[in-house]
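The file entry.txt contains compact mmCIF, C-alpha atoms:
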# COMPACT_ATOMS: atom_id res chain seq x y z
CA MET H 13 16.46 14.03 41.82
CA ARG H 14 18.39 10.81 42.39
CA ILE H 15 17.82 8.70 39.28
CA ALA H 16 18.65 4.98 39.27
CA TYR H 17 19.21 3.73 35.71
CA LEU H 18 18.53 -0.02 35.70
CA ILE H 19 19.79 -1.95 32.66
CA HIS H 20 20.23 -5.56 31.54
CA TRP H 21 22.90 -5.40 28.82
CA ASN H 22 25.81 -7.60 27.78
CA GLU H 23 27.73 -5.48 25.29
CA GLY H 24 30.61 -3.19 26.10
CA PRO H 25 31.57 0.43 25.56
CA GLU H 26 31.57 0.26 21.75
CA SER H 27 27.92 -0.74 21.49
CA GLY H 28 25.40 1.88 20.43
CA VAL H 29 23.20 1.13 23.44
CA PHE H 30 26.10 1.72 25.84
CA LYS H 31 26.83 5.07 24.19
CA LYS H 32 23.16 6.03 24.41
CA ILE H 33 22.85 5.10 28.08
CA ILE H 34 25.99 7.01 29.06
CA SER H 35 25.02 10.13 27.10
CA GLN H 36 21.56 10.05 28.71
CA ALA H 37 22.89 9.67 32.24
CA LEU H 38 25.60 12.29 31.82
CA SER H 39 23.00 14.71 30.48
CA TRP H 40 20.86 14.12 33.56
CA GLN H 41 23.89 14.82 35.71
CA ALA H 42 24.61 18.02 33.78
CA LEU H 43 21.02 19.10 34.48
CA GLY H 44 21.72 18.79 38.20
CA HIS H 45 20.43 15.27 38.93
CA GLU H 46 22.43 12.58 40.70
CA THR H 47 22.54 9.44 38.56
CA ALA H 48 23.87 5.92 39.07
CA LEU H 49 23.91 2.94 36.69
CA PHE H 50 22.71 -0.46 37.92
CA LEU H 51 23.92 -3.03 35.41
CA PHE H 52 22.83 -6.67 35.09
CA SER H 53 25.06 -8.72 32.77
CA ARG H 54 26.72 -12.08 32.18
CA GLU H 55 29.96 -12.84 33.97
CA SER H 56 31.65 -13.09 30.57
CA ALA H 57 30.36 -9.67 29.42
CA ALA H 58 32.58 -6.60 29.29
CA VAL H 59 32.75 -4.75 32.60
CA TRP H 60 31.61 -1.14 32.47
CA THR H 61 34.16 0.91 34.40
CA GLU H 62 33.33 4.26 35.95
CA ALA H 63 35.96 5.81 33.70
CA GLU H 64 34.19 4.45 30.59
CA ALA H 65 30.90 5.67 32.07
CA GLY H 66 32.17 9.24 32.30
CA GLY H 67 32.67 9.04 36.04
CA LEU H 68 29.13 7.82 36.79
CA PRO H 69 28.91 5.21 39.57
CA VAL H 70 28.29 1.72 38.19
CA PHE H 71 26.79 -1.02 40.36
CA ARG H 72 27.02 -4.39 38.61
CA GLU H 73 25.62 -7.82 39.35
CA ALA H 74 26.82 -10.61 37.07
CA TYR H 75 25.11 -13.94 36.45
CA ARG H 76 26.26 -17.29 35.08
CA GLY H 77 23.78 -19.45 33.18
CA LYS H 78 20.01 -19.31 33.35
CA LEU H 79 19.51 -20.53 36.91
CA GLY H 80 21.75 -17.87 38.40
CA ARG H 81 19.79 -14.93 37.06
CA THR H 82 16.99 -14.68 39.64
CA PRO H 83 19.13 -14.40 42.81
CA ARG H 84 21.62 -12.08 41.15
CA PHE H 85 18.87 -9.74 39.92
CA ARG H 86 17.39 -9.77 43.42
CA ALA H 87 20.78 -8.68 44.72
CA LEU H 88 20.82 -5.83 42.19
CA THR H 89 17.37 -4.61 43.26
CA ALA H 90 18.64 -4.58 46.86
CA ARG H 91 21.49 -2.31 45.78
CA VAL H 92 19.00 0.01 44.07
CA ARG H 93 17.01 0.29 47.29
CA ALA H 94 20.16 0.90 49.33
CA TRP H 95 21.00 3.81 47.02
CA GLN H 96 17.58 5.35 47.82
CA PRO H 97 16.60 6.80 44.44
CA ASP H 98 13.82 9.30 43.84
CA VAL H 99 12.94 7.63 40.55
CA ILE H 100 13.89 4.47 38.63
CA TYR H 101 14.45 4.44 34.87
CA HIS H 102 14.53 0.95 33.36
CA ARG H 103 15.23 -0.17 29.81
CA PHE H 104 12.40 -2.70 29.33
CA ASP H 105 13.69 -6.24 29.05
CA LEU H 106 12.77 -9.58 30.65
CA TYR H 107 10.76 -10.28 33.78
CA TYR H 108 12.53 -11.15 37.03
CA PRO H 109 10.48 -11.94 40.15
CA SER H 110 11.97 -9.05 42.14
CA LEU H 111 11.46 -6.42 39.41
CA PRO H 112 7.71 -5.58 39.60
CA LYS H 113 7.87 -4.94 43.35
CA LEU H 114 10.81 -2.58 42.87
CA LEU H 115 9.01 -0.65 40.11
CA ARG H 116 5.93 -0.24 42.32
CA GLU H 117 7.94 0.94 45.33
CA TYR H 118 9.34 4.01 43.56
CA PRO H 119 8.25 6.37 40.80
CA SER H 120 9.40 4.45 37.74
CA ALA H 121 9.47 4.62 33.97
CA LEU H 122 10.13 1.94 31.36
CA GLU H 123 11.93 2.87 28.17
CA ILE H 124 10.36 0.96 25.27
CA ASN H 125 12.80 0.62 22.35
CA THR H 126 11.27 -2.10 20.22
CA ASN H 127 8.28 -4.29 19.55
CA ASP H 128 9.63 -7.00 21.83
CA VAL H 129 7.08 -9.68 20.93
CA ALA H 130 7.67 -9.29 17.18
CA GLU H 131 11.44 -9.25 17.65
CA LEU H 132 11.45 -12.46 19.70
CA ALA H 133 9.29 -14.10 17.05
CA LEU H 134 12.26 -13.80 14.67
CA GLU H 135 14.38 -16.00 16.94
CA GLY H 136 14.48 -19.64 15.88
CA GLY H 137 15.21 -22.93 17.57
CA GLY H 138 14.08 -24.43 20.86
CA LEU H 139 15.67 -21.72 22.98
CA GLY H 140 13.90 -19.09 20.92
CA ARG H 141 10.53 -20.76 21.51
CA PHE H 142 11.18 -21.00 25.25
CA ARG H 143 12.19 -17.32 25.46
CA ARG H 144 9.10 -16.27 23.53
CA MET H 145 6.77 -18.24 25.77
CA TYR H 146 8.45 -17.06 28.99
CA HIS H 147 8.40 -13.43 27.88
CA TRP H 148 4.86 -13.56 26.57
CA LEU H 149 3.57 -15.00 29.87
CA THR H 150 5.45 -12.58 32.14
CA ARG H 151 5.89 -9.25 30.29
CA ARG H 152 2.55 -7.89 31.55
CA LEU H 153 3.78 -8.16 35.15
CA VAL H 154 6.54 -5.66 34.40
CA LEU H 155 4.38 -3.37 32.26
CA LYS H 156 1.62 -3.20 34.87
CA ALA H 157 4.09 -2.40 37.65
CA ALA H 158 5.73 0.60 35.98
CA GLY H 159 4.59 4.11 36.78
CA GLY H 160 5.01 5.37 33.22
CA PHE H 161 6.52 4.74 29.79
CA VAL H 162 8.95 6.45 27.44
CA PHE H 163 8.45 5.20 23.87
CA VAL H 164 11.09 5.87 21.21
CA SER H 165 8.36 6.09 18.56
CA GLY H 166 4.68 6.90 18.40
CA GLU H 167 4.02 3.62 16.63
CA LEU H 168 5.26 1.65 19.65
CA ALA H 169 2.91 3.52 21.97
CA ARG H 170 0.03 2.49 19.69
CA ALA H 171 1.20 -1.12 19.18
CA ASP H 172 -1.09 -3.91 20.34
CA GLY H 173 1.44 -5.14 22.89
CA PHE H 174 1.71 -1.73 24.60
CA ARG H 175 -1.41 0.32 23.85
CA ARG H 176 -3.51 -0.82 26.81
CA TYR H 177 -0.69 -0.05 29.26
CA ALA H 178 0.18 3.29 27.64
CA ASN H 179 -3.46 4.39 27.72
CA ALA H 180 -3.82 3.41 31.37
CA LYS H 181 -0.74 5.29 32.57
CA ASN H 182 1.31 8.37 31.91
CA HIS H 183 3.49 8.07 28.83
CA VAL H 184 5.58 10.17 26.47
CA VAL H 185 7.23 9.70 23.06
CA ILE H 186 10.89 10.75 22.82
CA GLY H 187 12.94 9.61 19.84
CA ASN H 188 16.55 8.65 20.34
CA GLY H 189 19.13 11.44 20.53
CA ILE H 190 22.87 11.81 20.09
CA PRO H 191 25.55 14.16 21.50
CA LEU H 192 26.11 16.23 18.36
CA GLU H 193 29.12 18.07 19.75
CA ARG H 194 31.16 14.86 19.57
CA PHE H 195 30.92 14.76 15.79
CA ALA H 196 32.50 17.04 13.21
CA ALA H 197 29.86 17.03 10.48
CA GLY H 198 31.12 17.11 6.91
CA ARG H 199 34.86 16.90 7.43
CA HIS H 200 37.00 15.59 4.54
CA MET H 201 34.17 16.16 2.06
CA GLY H 202 34.21 18.08 -1.19
CA ALA H 203 37.50 16.89 -2.72
CA ARG H 204 36.14 13.86 -4.58
CA GLN H 205 32.73 14.95 -5.86
CA ASP H 206 33.39 13.67 -9.40
CA GLU H 207 36.04 11.03 -8.76
CA GLY H 208 35.71 7.32 -8.09
CA PRO H 209 32.60 5.28 -7.26
CA VAL H 210 29.71 6.52 -5.15
CA ARG H 211 30.41 5.23 -1.62
CA PHE H 212 27.79 3.93 0.78
CA VAL H 213 28.28 2.97 4.42
CA PHE H 214 26.16 0.70 6.61
CA ILE H 215 26.54 0.05 10.36
CA SER H 216 24.66 -2.76 12.08
CA SER H 217 24.90 -5.51 14.65
CA PRO H 218 25.32 -9.01 13.21
CA GLY H 219 22.32 -11.30 12.85
CA GLN H 220 19.53 -8.72 12.77
CA ALA H 221 17.31 -9.66 9.84
CA TRP H 222 15.27 -6.45 10.08
CA GLN H 223 18.34 -4.36 9.20
CA GLY H 224 18.11 -5.62 5.62
CA LEU H 225 21.66 -6.65 4.76
CA ASP H 226 20.18 -8.77 1.96
CA GLU H 227 18.54 -5.66 0.46
CA ILE H 228 21.94 -3.96 0.34
CA ALA H 229 23.34 -7.01 -1.47
CA ARG H 230 20.60 -6.72 -4.08
CA LEU H 231 21.37 -3.03 -4.54
CA ALA H 232 25.10 -3.74 -4.83
CA ALA H 233 24.46 -6.42 -7.45
CA ASN H 234 22.47 -3.94 -9.52
CA LYS H 235 25.05 -1.15 -9.16
CA PRO H 236 28.48 -2.79 -9.54
CA ASP H 237 30.09 0.64 -10.04
CA TRP H 238 29.13 1.72 -6.49
CA ARG H 239 31.03 0.72 -3.31
CA PHE H 240 29.40 -0.48 -0.08
CA ASP H 241 31.33 -0.50 3.22
CA ILE H 242 29.66 -2.85 5.73
CA ILE H 243 30.51 -2.39 9.42
CA GLY H 244 29.37 -5.08 11.86
CA PRO H 245 27.90 -8.02 9.89
CA GLU H 246 30.24 -10.48 8.16
CA ARG H 247 29.93 -11.80 4.61
CA SER H 248 29.11 -15.25 6.05
CA GLU H 249 25.72 -13.85 7.08
CA LEU H 250 24.81 -13.34 3.42
CA GLU H 251 26.38 -16.62 2.36
CA ALA H 252 24.28 -18.48 4.94
CA SER H 253 21.12 -16.98 3.43
CA GLY H 254 22.08 -18.32 0.00
CA LEU H 255 22.52 -14.90 -1.57
CA PRO H 256 25.58 -14.18 -3.72
CA VAL H 257 27.97 -11.62 -2.23
CA PRO H 258 28.76 -8.88 -4.76
CA SER H 259 32.44 -7.95 -5.03
CA ASN H 260 31.67 -4.26 -4.38
CA MET H 261 30.61 -5.03 -0.81
CA ALA H 262 33.54 -4.62 1.60
CA PHE H 263 33.00 -6.28 5.00
CA HIS H 264 34.97 -4.68 7.84
CA GLY H 265 33.52 -6.59 10.80
CA GLN H 266 32.87 -4.98 14.17
CA LEU H 267 35.01 -1.87 14.63
CA THR H 268 35.52 0.72 17.32
CA ARG H 269 34.46 4.22 16.42
CA ASP H 270 38.02 5.45 15.86
CA ARG H 271 38.44 2.69 13.25
CA TYR H 272 35.14 3.15 11.41
CA GLN H 273 35.11 6.95 11.48
CA PRO H 274 37.34 7.17 8.36
CA LEU H 275 34.73 5.11 6.47
CA LEU H 276 32.03 7.60 7.47
CA ASP H 277 34.28 10.49 6.43
CA GLU H 278 34.82 8.96 2.99
CA ALA H 279 31.18 7.95 2.40
CA ASP H 280 28.71 9.83 0.25
CA ILE H 281 25.54 8.24 1.62
CA ALA H 282 24.61 6.10 4.63
CA ILE H 283 22.13 3.23 4.73
CA GLY H 284 19.69 2.80 7.61
CA THR H 285 17.28 0.02 8.48
CA LEU H 286 15.76 -1.46 5.31
CA ALA H 287 13.53 -4.31 6.52
CA LEU H 288 11.79 -3.11 9.67
CA TYR H 289 8.59 -4.65 8.30
CA ARG H 290 10.04 -8.01 9.36
CA LYS H 291 9.32 -6.93 12.94
CA GLY H 292 5.88 -5.67 12.02
CA MET H 293 7.00 -2.06 12.44
CA GLU H 294 6.94 1.05 10.25
CA GLU H 295 8.40 3.78 12.49
CA ALA H 296 11.67 4.08 14.41
CA SER H 297 14.46 6.39 15.58
CA PRO H 298 17.63 4.24 15.28
CA LEU H 299 20.83 5.31 16.99
CA LYS H 300 22.95 4.54 13.94
CA VAL H 301 20.92 6.92 11.78
CA ARG H 302 21.49 9.66 14.34
CA GLU H 303 25.21 8.96 14.11
CA TYR H 304 25.05 9.17 10.32
CA LEU H 305 23.24 12.52 10.49
CA ALA H 306 25.62 13.82 13.16
CA ASN H 307 28.36 13.17 10.61
CA GLY H 308 26.34 15.05 7.99
CA LEU H 309 25.57 11.96 5.93
CA PRO H 310 22.30 11.80 3.98
CA VAL H 311 20.41 8.55 4.62
CA ILE H 312 18.48 5.92 2.68
CA ALA H 313 16.17 3.78 4.84
CA ALA H 314 12.76 2.09 4.78
CA TYR H 315 10.76 3.32 7.78
CA ARG H 316 9.14 6.51 9.10
CA GLU H 317 11.51 8.61 11.19
CA THR H 318 9.99 9.65 14.52
CA ASP H 319 11.91 12.94 14.54
CA PHE H 320 11.16 13.81 10.91
CA PRO H 321 7.39 13.43 10.58
CA GLU H 322 7.44 15.51 7.40
CA PRO H 323 9.64 14.68 4.37
CA VAL H 324 13.15 16.14 4.39
CA PRO H 325 15.51 16.19 1.39
CA PHE H 326 18.37 14.35 3.15
CA PHE H 327 16.31 11.25 4.12
CA LEU H 328 15.11 8.97 1.33
CA GLN H 329 12.30 6.84 2.74
CA LEU H 330 11.78 3.66 0.75
CA PRO H 331 8.62 1.58 1.20
CA GLY H 332 8.82 -1.15 3.81
CA GLU H 333 8.57 -4.11 1.43
CA PRO H 334 10.74 -6.95 0.12
CA GLU H 335 13.30 -6.02 -2.57
CA ASN H 336 12.72 -2.31 -1.94
CA THR H 337 16.20 -1.34 -3.12
CA VAL H 338 15.63 -3.00 -6.49
CA ARG H 339 12.07 -1.83 -6.97
CA HIS H 340 13.04 1.77 -6.23
CA LEU H 341 16.46 1.82 -7.86
CA LEU H 342 15.68 4.95 -9.88
CA ALA H 343 14.86 6.91 -6.73
CA ILE H 344 18.11 5.74 -5.11
CA GLU H 345 20.11 6.72 -8.18
CA GLY H 346 18.57 10.19 -8.16
CA PHE H 347 19.24 10.60 -4.44
CA ALA H 348 22.88 9.56 -4.95
CA ARG H 349 23.30 12.11 -7.76
CA ASP H 350 21.77 14.89 -5.66
CA TRP H 351 23.79 14.23 -2.49
CA ARG H 352 27.16 13.05 -3.68
CA GLY H 353 29.83 15.33 -2.22
CA ARG H 354 27.34 17.19 0.01
CA ARG H 355 26.63 17.08 3.73
CA VAL H 356 23.53 17.67 5.83
CA GLU H 357 23.71 21.00 7.65
CA ARG H 358 23.96 20.73 11.44
CA GLU H 359 21.04 23.13 11.90
CA GLN H 360 18.78 20.66 10.11
CA VAL H 361 19.34 18.00 12.76
CA SER H 362 19.88 20.11 15.89
CA HIS H 363 16.68 18.77 17.48
CA LEU H 364 18.33 15.33 17.63
CA ASP H 365 20.87 16.55 20.18
CA VAL H 366 20.90 14.62 23.43
CA THR H 367 20.58 17.80 25.49
CA VAL H 368 17.22 18.52 23.88
CA LYS H 369 16.02 14.94 24.31
CA GLU H 370 17.18 14.53 27.89
CA ALA H 371 15.72 17.81 29.09
CA ALA H 372 12.34 16.47 27.94
CA ARG H 373 13.00 13.07 29.53
CA VAL H 374 13.99 14.51 32.89
CA ALA H 375 10.95 16.79 32.88
CA TYR H 376 8.81 13.69 32.38
CA LEU H 377 10.56 11.82 35.23
CA HIS H 378 10.11 14.84 37.47
CA ARG H 379 6.41 14.84 36.65
CA LEU H 380 6.14 11.14 37.49
CA ALA H 381 7.84 11.71 40.83
CA GLY H 382 5.57 14.63 41.58
CA GLU H 383 2.45 12.65 40.77
CA ARG H 384 3.63 9.85 43.03
CA ARG H 385 4.14 12.28 45.91
CA ARG H 386 0.67 13.75 45.39
CA GLY H 387 -0.88 10.32 44.89
CA ASP H 388 -2.16 11.27 41.43
CA GLY H 389 -3.23 8.72 38.86
CA GLY H 390 -1.83 8.39 35.35
CA GLY H 391 -3.34 9.36 32.06
CA ASP H 392 -1.98 10.05 28.63
CA GLY H 393 1.16 12.13 28.45

I'd like the structure from this file rewritten - as structure tokens, please.
Amino acid sequence: MRIAYLIHWNEGPESGVFKKIISQALSWQALGHETALFLFSRESAAVWTEAEAGGLPVFREAYRGKLGRTPRFRALTARVRAWQPDVIYHRFDLYYPSLPKLLREYPSALEINTNDVAELALEGGGLGRFRRMYHWLTRRLVLKAAGGFVFVSGELARADGFRRYANAKNHVVIGNGIPLERFAAGRHMGARQDEGPVRFVFISSPGQAWQGLDEIARLAANKPDWRFDIIGPERSELEASGLPVPSNMAFHGQLTRDRYQPLLDEADIAIGTLALYRKGMEEASPLKVREYLANGLPVIAAYRETDFPEPVPFFLQLPGEPENTVRHLLAIEGFARDWRGRRVEREQVSHLDVTVKEAARVAYLHRLAGERRRGDGGGDG
């Protein structure tokens, strides 16, 4: 098949979403499918080069300001048509007038990564209110136009904002994956099992309240003998919330992988999303947690993992509630004792590999294309 991957994204090669998109597309190529990336981004955003994209062709349309978006997106849809794809794969985002028609013209699937309505509700200010209203009024036009859906969690497929569309059309649940071969799980471990403080690591994008940086601060305040390396958010984010910043939290800012990898190598335990309840969600499959596990790090988080429906010893699931790190401090202490100096075995996370995930995704896209050729209807997938 010829698969057109249509994305609106403004972050560069070091972002987790970029890494996910490239690993997906390269896996499709390895499975024998021709793939091209169609990128919509601000003029000021980092340019994705074909070299950074692993040799995949990248067609980009850039916009400046709000008023320039509609004509530039129309130009991008024209480039998709000129490429003549067999199927379109689109990371669900905002409505543009030319998008629904494009999705109806070809077999198409939307990737649903988040509860978009709940996430927008966390945005404040006048611009946030305008974005919420615009998206709420127009999102159905995109959802109705798509031929099918790929949800990264079962909870999203059942969510109020998606359930009616998922039930009406073909859909599938595929949690996020990661190219495991790029990570050497467990290196540098074993030499410091009984020396120095227990070390935790946390990776996040700045300004995402549902990640629970404040919950880490509460844990750090209660365990001053532990060390917490924070990658991404700055200490000013905690200061702005009025919380004290414990001295055992080290803020490293946004780092490239080659710069934060030593922090993962030295860590005992990784911290995942701790406040997903703020988005009204209980289940997820975050990319950063897959990177932790690819490095062999056991994880503490506060949500149900899509790819681990049954309890596993290397994933401590806290309740999704305020102050969960303080209320369940004893459980965290026990987990730290059990896992310090150990690593998760690669065999325990092999099903997270991108090759497994993308084989399933391509099979789904092939089915959508086949149904379109036969003129079949949808149905649950």

Could you work out how far atom CA of Ser27 of chain H lies from atom CA of Val324 of chain H, giving the answer in Å with one decimal?
28.2 Å

Residue contacts of segment 87-103 of chain H (8 Å, all atoms listed in the file) excluding same-chain residues fewer than 3 positions away, as a ChimeraX atom specification
/H:13-20,50-52,71-73,83-84,110-111,114-115,118-125,377,381

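Each of H:Ala158, H:Ile190, H:Ile243, H:Val70 was checked against Leu364 of chain H using all atoms listed in the file; the smallest atom-to-atom distance is that of H:Ile190.
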
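For the choices H:Gln360, H:Leu305, H:Glu345, H:Gly66, the atom-to-atom distance to Gly189 of chain H is smallest for H:Leu305 when using all atoms listed in the file.
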
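Across H:Trp222, H:Thr126, H:Leu68, H:Asp350, the tightest approach to Ser39 of chain H is made by H:Leu68 when counting only C-alpha atoms.
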
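From atom CA of Ala287 of chain H back to atom CA of Ser253 of chain H, the distance works out to 15.1 Å.
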